[in-house]
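Asks: Pasting in a structure now, in C-alpha coordinates, and then I'll have a few things to ask.
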Amino acid sequence: MLFAESFAAAGAPASDRLVLPYDARRKSRQRVMLASGEELGYVFPAGTVLRHGDRLLTGSGRVVAVEAAPEELLEVRAVDSLQLTRAAYHLGNRHVPVQLAEGCLRFQPDHVLAEMLIGLGCLVEAVQAAFDPEGGAYGSHAHAAGGGHAYRPSREATAASPRAAHDPGHGAHRSPAKIHEFK
(Lines give C-alpha, C1' and ligand atoms only; values in the text may rest on other atoms or scores of the structure.)
Protein backbone atom coordinates (compact mmCIF):
# COMPACT_ATOMS: atom_id res chain seq x y z
CA MET A 1 0.00 0.00 0.00
CA LEU A 2 1.20 3.51 -0.84
CA PHE A 3 1.35 6.11 1.94
CA ALA A 4 1.35 9.92 1.77
CA GLU A 5 1.80 12.57 4.43
CA SER A 6 3.00 15.51 2.35
CA PHE A 7 2.05 17.51 -0.71
CA ALA A 8 3.99 17.65 -3.96
CA ALA A 9 4.44 20.89 -5.87
CA ALA A 10 1.35 22.18 -7.66
CA GLY A 11 1.33 20.91 -11.22
CA ALA A 12 3.85 18.12 -10.54
CA PRO A 13 3.29 15.29 -13.05
CA ALA A 14 1.14 12.62 -11.40
CA SER A 15 1.28 8.87 -11.94
CA ASP A 16 -2.23 8.23 -10.56
CA ARG A 17 -5.46 9.99 -9.53
CA LEU A 18 -7.44 10.10 -6.30
CA VAL A 19 -11.08 10.93 -7.10
CA LEU A 20 -13.20 11.66 -4.02
CA PRO A 21 -16.37 13.61 -3.17
CA TYR A 22 -16.02 16.62 -0.86
CA ASP A 23 -17.03 14.86 2.37
CA ALA A 24 -14.30 12.24 1.85
CA ARG A 25 -11.70 14.92 0.99
CA ARG A 26 -12.42 16.58 4.36
CA LYS A 27 -11.04 13.56 6.24
CA SER A 28 -7.45 14.20 7.23
CA ARG A 29 -6.51 10.54 7.54
CA GLN A 30 -7.93 7.55 5.74
CA ARG A 31 -7.33 4.59 3.45
CA VAL A 32 -8.61 5.09 -0.11
CA MET A 33 -8.55 3.47 -3.54
CA LEU A 34 -6.78 5.25 -6.41
CA ALA A 35 -8.20 5.34 -9.95
CA SER A 36 -5.73 2.56 -10.85
CA GLY A 37 -7.18 0.32 -8.12
CA GLU A 38 -4.09 0.65 -5.92
CA GLU A 39 -4.63 1.39 -2.23
CA LEU A 40 -3.34 4.61 -0.64
CA GLY A 41 -3.28 5.67 2.98
CA TYR A 42 -2.73 9.26 4.01
CA VAL A 43 -2.34 11.22 7.23
CA PHE A 44 -2.43 15.01 7.41
CA PRO A 45 -2.96 17.42 10.28
CA ALA A 46 -6.55 17.67 11.56
CA GLY A 47 -8.54 20.17 9.53
CA THR A 48 -6.66 19.55 6.27
CA VAL A 49 -9.01 19.39 3.28
CA LEU A 50 -7.76 17.88 0.04
CA ARG A 51 -8.54 20.32 -2.76
CA HIS A 52 -9.17 19.60 -6.42
CA GLY A 53 -5.75 19.96 -8.08
CA ASP A 54 -3.68 19.11 -4.99
CA ARG A 55 -0.80 16.72 -5.49
CA LEU A 56 0.03 14.14 -2.82
CA LEU A 57 3.59 12.88 -2.46
CA THR A 58 3.99 9.27 -1.38
CA GLY A 59 6.90 7.92 0.64
CA SER A 60 8.20 6.22 -2.51
CA GLY A 61 8.24 9.54 -4.39
CA ARG A 62 5.14 8.93 -6.51
CA VAL A 63 2.78 11.85 -7.09
CA VAL A 64 -1.01 11.40 -6.93
CA ALA A 65 -3.39 14.04 -8.33
CA VAL A 66 -6.49 14.84 -6.24
CA GLU A 67 -9.74 15.31 -8.17
CA ALA A 68 -13.16 16.37 -6.93
CA ALA A 69 -15.68 13.67 -7.87
CA PRO A 70 -19.02 14.68 -9.40
CA GLU A 71 -21.81 14.64 -6.83
CA GLU A 72 -25.39 15.81 -6.30
CA LEU A 73 -25.46 19.56 -5.61
CA LEU A 74 -27.87 22.45 -5.63
CA GLU A 75 -27.02 25.34 -7.93
CA VAL A 76 -28.29 28.85 -7.23
CA ARG A 77 -28.73 31.48 -9.94
CA ALA A 78 -30.17 34.95 -9.66
CA VAL A 79 -31.51 37.70 -11.92
CA ASP A 80 -28.66 40.04 -10.97
CA SER A 81 -25.42 40.20 -9.01
CA LEU A 82 -27.06 41.84 -5.97
CA GLN A 83 -29.51 38.96 -5.60
CA LEU A 84 -26.69 36.41 -5.99
CA THR A 85 -24.61 38.32 -3.43
CA ARG A 86 -27.57 38.24 -1.04
CA ALA A 87 -27.84 34.46 -1.53
CA ALA A 88 -24.10 34.07 -0.85
CA TYR A 89 -24.44 36.17 2.31
CA HIS A 90 -27.28 34.02 3.67
CA LEU A 91 -25.45 30.76 2.91
CA GLY A 92 -22.23 32.11 4.45
CA ASN A 93 -24.14 33.30 7.51
CA ARG A 94 -25.12 29.65 8.03
CA HIS A 95 -21.50 28.47 7.55
CA VAL A 96 -22.46 26.32 4.57
CA PRO A 97 -19.56 25.21 2.32
CA VAL A 98 -20.20 27.02 -0.98
CA GLN A 99 -18.51 26.79 -4.35
CA LEU A 100 -18.41 30.02 -6.33
CA ALA A 101 -18.73 29.57 -10.07
CA GLU A 102 -19.38 31.95 -12.95
CA GLY A 103 -22.88 33.34 -12.35
CA CYS A 104 -23.89 30.79 -9.71
CA LEU A 105 -23.29 29.26 -6.30
CA ARG A 106 -23.22 25.53 -5.54
CA PHE A 107 -23.74 23.74 -2.24
CA GLN A 108 -24.67 20.29 -0.96
CA PRO A 109 -28.40 19.49 -1.02
CA ASP A 110 -30.43 20.95 1.83
CA HIS A 111 -34.15 21.50 1.28
CA VAL A 112 -34.41 24.15 4.04
CA LEU A 113 -31.68 26.26 2.42
CA ALA A 114 -33.21 25.72 -1.01
CA GLU A 115 -36.58 27.02 0.22
CA MET A 116 -34.88 30.03 1.84
CA LEU A 117 -33.16 30.90 -1.46
CA ILE A 118 -36.37 30.40 -3.42
CA GLY A 119 -37.98 32.83 -0.96
CA LEU A 120 -35.27 35.34 -1.90
CA GLY A 121 -36.36 34.97 -5.55
CA CYS A 122 -33.46 32.79 -6.71
CA LEU A 123 -33.54 29.85 -9.10
CA VAL A 124 -32.42 26.64 -7.38
CA GLU A 125 -31.87 23.46 -9.35
CA ALA A 126 -30.26 20.08 -8.83
CA VAL A 127 -27.00 19.48 -10.72
CA GLN A 128 -24.36 16.79 -10.90
CA ALA A 129 -20.92 18.44 -10.63
CA ALA A 130 -17.54 18.31 -8.93
CA PHE A 131 -17.74 20.16 -5.60
CA ASP A 132 -14.74 22.17 -4.45
CA PRO A 133 -16.06 24.88 -2.11
CA GLU A 134 -14.13 27.96 -1.02
CA GLY A 135 -11.47 27.18 1.55
CA GLY A 136 -11.74 30.36 3.57
CA ALA A 137 -9.51 33.38 3.82
CA TYR A 138 -6.79 31.85 5.98
CA GLY A 139 -5.86 28.63 4.17
CA SER A 140 -4.78 25.49 6.00
CA HIS A 141 -1.65 23.85 7.34
CA ALA A 142 -0.18 20.69 5.90
CA HIS A 143 2.96 18.62 6.27
CA ALA A 144 5.82 19.80 4.13
CA ALA A 145 8.37 17.51 2.55
CA GLY A 146 10.79 16.37 5.23
CA GLY A 147 8.15 16.09 7.96
CA GLY A 148 7.83 19.76 8.92
CA HIS A 149 4.74 21.92 8.67
CA ALA A 150 4.13 24.41 5.91
CA TYR A 151 1.48 27.06 5.49
CA ARG A 152 -0.72 26.33 2.50
CA PRO A 153 -2.28 29.61 1.38
CA SER A 154 -5.94 29.60 0.42
CA ARG A 155 -6.97 29.87 -3.21
CA GLU A 156 -7.97 33.46 -2.53
CA ALA A 157 -4.35 34.18 -1.60
CA THR A 158 -3.00 32.33 -4.63
CA ALA A 159 -5.43 33.53 -7.29
CA ALA A 160 -2.58 33.84 -9.78
CA SER A 161 -1.78 30.12 -9.60
CA PRO A 162 -3.13 27.77 -12.30
CA ARG A 163 -4.64 25.54 -9.59
CA ALA A 164 -6.66 28.40 -8.17
CA ALA A 165 -7.95 29.42 -11.58
CA HIS A 166 -9.23 25.94 -12.50
CA ASP A 167 -12.98 25.49 -12.09
CA PRO A 168 -13.57 21.81 -11.24
CA GLY A 169 -17.30 22.39 -11.66
CA HIS A 170 -17.14 23.10 -15.39
CA GLY A 171 -19.31 20.83 -17.41
CA ALA A 172 -21.91 20.43 -14.66
CA HIS A 173 -24.85 18.32 -15.73
CA ARG A 174 -28.16 19.89 -14.85
CA SER A 175 -31.06 17.79 -13.70
CA PRO A 176 -34.14 18.19 -15.90
CA ALA A 177 -36.30 18.64 -12.79
CA LYS A 178 -36.06 22.24 -11.60
CA ILE A 179 -36.80 23.01 -8.00
CA HIS A 180 -37.89 26.59 -8.68
CA GLU A 181 -37.96 29.19 -11.44
CA PHE A 182 -37.47 32.95 -11.14
CA LYS A 183 -40.55 34.87 -10.07
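Labels for the C-alpha coordinates follow display order: chains A, B, ..., residues from 1 in each chain, ligands from 1.
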Just list the residues in range 68-123 of chain A DSSP gives strand (DSSP E or B) on the backbone, as number ranges by chain.
Replies: A: 68, 70-77, 99-101, 104-107, 123
Asks: Write out, as a tab-separated table (two decimals), in the first residue's frame, the residues just selected, with N, CA and C atoms.
Replies:
```tsv
chain	number	residue	atom	x	y	z
A	68	ALA	N	-11.83	16.32	-7.55
A	68	ALA	CA	-13.16	16.37	-6.93
A	68	ALA	C	-14.11	15.54	-7.78
A	70	PRO	N	-17.67	14.12	-9.21
A	70	PRO	CA	-19.02	14.68	-9.40
A	70	PRO	C	-19.96	14.15	-8.31
A	71	GLU	N	-20.84	15.02	-7.84
A	71	GLU	CA	-21.81	14.64	-6.83
A	71	GLU	C	-23.07	15.49	-6.96
A	72	GLU	N	-24.12	15.07	-6.29
A	72	GLU	CA	-25.39	15.81	-6.30
A	72	GLU	C	-25.20	17.12	-5.56
A	73	LEU	N	-25.56	18.23	-6.21
A	73	LEU	CA	-25.46	19.56	-5.61
A	73	LEU	C	-26.70	20.36	-5.94
A	74	LEU	N	-26.86	21.47	-5.25
A	74	LEU	CA	-27.87	22.45	-5.63
A	74	LEU	C	-27.12	23.65	-6.18
A	75	GLU	N	-27.63	24.18	-7.29
A	75	GLU	CA	-27.02	25.34	-7.93
A	75	GLU	C	-28.00	26.50	-7.84
A	76	VAL	N	-27.48	27.65	-7.43
A	76	VAL	CA	-28.29	28.85	-7.23
A	76	VAL	C	-27.92	29.88	-8.29
A	77	ARG	N	-28.92	30.39	-8.98
A	77	ARG	CA	-28.73	31.48	-9.94
A	77	ARG	C	-29.69	32.60	-9.57
A	99	GLN	N	-19.41	26.65	-3.21
A	99	GLN	CA	-18.51	26.79	-4.35
A	99	GLN	C	-19.00	27.97	-5.18
A	100	LEU	N	-18.09	28.88	-5.47
A	100	LEU	CA	-18.41	30.02	-6.33
A	100	LEU	C	-18.04	29.65	-7.76
A	101	ALA	N	-18.98	29.84	-8.66
A	101	ALA	CA	-18.73	29.57	-10.07
A	101	ALA	C	-19.25	30.77	-10.86
A	104	CYS	N	-23.09	31.65	-10.58
A	104	CYS	CA	-23.89	30.79	-9.71
A	104	CYS	C	-23.12	30.40	-8.45
A	105	LEU	N	-23.84	29.83	-7.52
A	105	LEU	CA	-23.29	29.26	-6.30
A	105	LEU	C	-23.70	27.80	-6.26
A	106	ARG	N	-22.86	26.95	-5.70
A	106	ARG	CA	-23.22	25.53	-5.54
A	106	ARG	C	-22.97	25.11	-4.10
A	107	PHE	N	-23.89	24.27	-3.59
A	107	PHE	CA	-23.74	23.74	-2.24
A	107	PHE	C	-24.41	22.37	-2.18
A	123	LEU	N	-33.31	31.12	-8.43
A	123	LEU	CA	-33.54	29.85	-9.10
A	123	LEU	C	-32.64	28.83	-8.42
```
Asks: Which residues in range 1-140 of chain A does DSSP call alpha helix (DSSP H)? List them as number ranges by chain.
Replies: A: 22-25, 81-93, 111-119
Asks: Could you give me, as a list in words, the residues within 12 Å of Leu20 in chain A, counting only C-alpha atoms and dropping anything in the same chain fewer than 4 positions from it?
Replies: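 In the requested format, the answer is Ala24, Arg25, Arg26, Lys27, Gln30, Arg31, Val32, Met33, Leu34, Ala35, Val49, Leu50, Arg51, His52, Gly53, Ala65, Val66, Glu67, Ala68, Ala69, Pro70, Glu71, Ala130, Phe131 and Asp132 of chain A.
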Asks: Find, counting only C-alpha atoms, the residue in A:Gly61, A:Glu5, A:Pro13, A:Ser28 that gets nearest to Gly47 in chain A.
Replies: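 Going through A:Gly61, A:Glu5, A:Pro13, A:Ser28 one by one, the smallest distance to Gly47 in chain A is for A:Ser28.
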Asks: Could you check the closest approach to Phe44 in chain A for each of A:Gly135, A:Phe7, A:Glu102, A:Arg17 and tell me which residue wins, using only C-alpha atoms?
Replies: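 Distance minimum relative to Phe44 in chain A lands on A:Phe7.
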Asks: Between CA of Val43 in chain A and CA of Pro97 in chain A, what is the distance, to one decimal in Å?
Replies: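 Between these atoms lies a distance of 22.7 Å.
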Asks: Restricting the calculation to only C-alpha atoms: of A:Leu82, A:Val64, A:Leu91, A:Val96, which residue gets closest to Met116 in chain A?
Replies: A:Leu91
Asks: Just give me the gap between CA of Leu84 in chain A and CA of Val124 in chain A in Å, one decimal is fine.
Replies: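 Between CA of Leu84 in chain A and CA of Val124 in chain A the gap is 11.4 Å.
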Asks: Which residue gives the smallest distance to Ser15 in chain A among A:Gln128, A:Arg29, A:Ala46, A:Ser60, with only C-alpha atoms counted?
Replies: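 Result for the nearest residue to Ser15 in chain A: A:Ser60.
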Asks: Quote the spacing between CA of Gln108 in chain A and CA of Leu18 in chain A in Å to one decimal place.
Replies: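 Spanning CA of Gln108 in chain A to CA of Leu18 in chain A is a straight-line distance of 20.7 Å.
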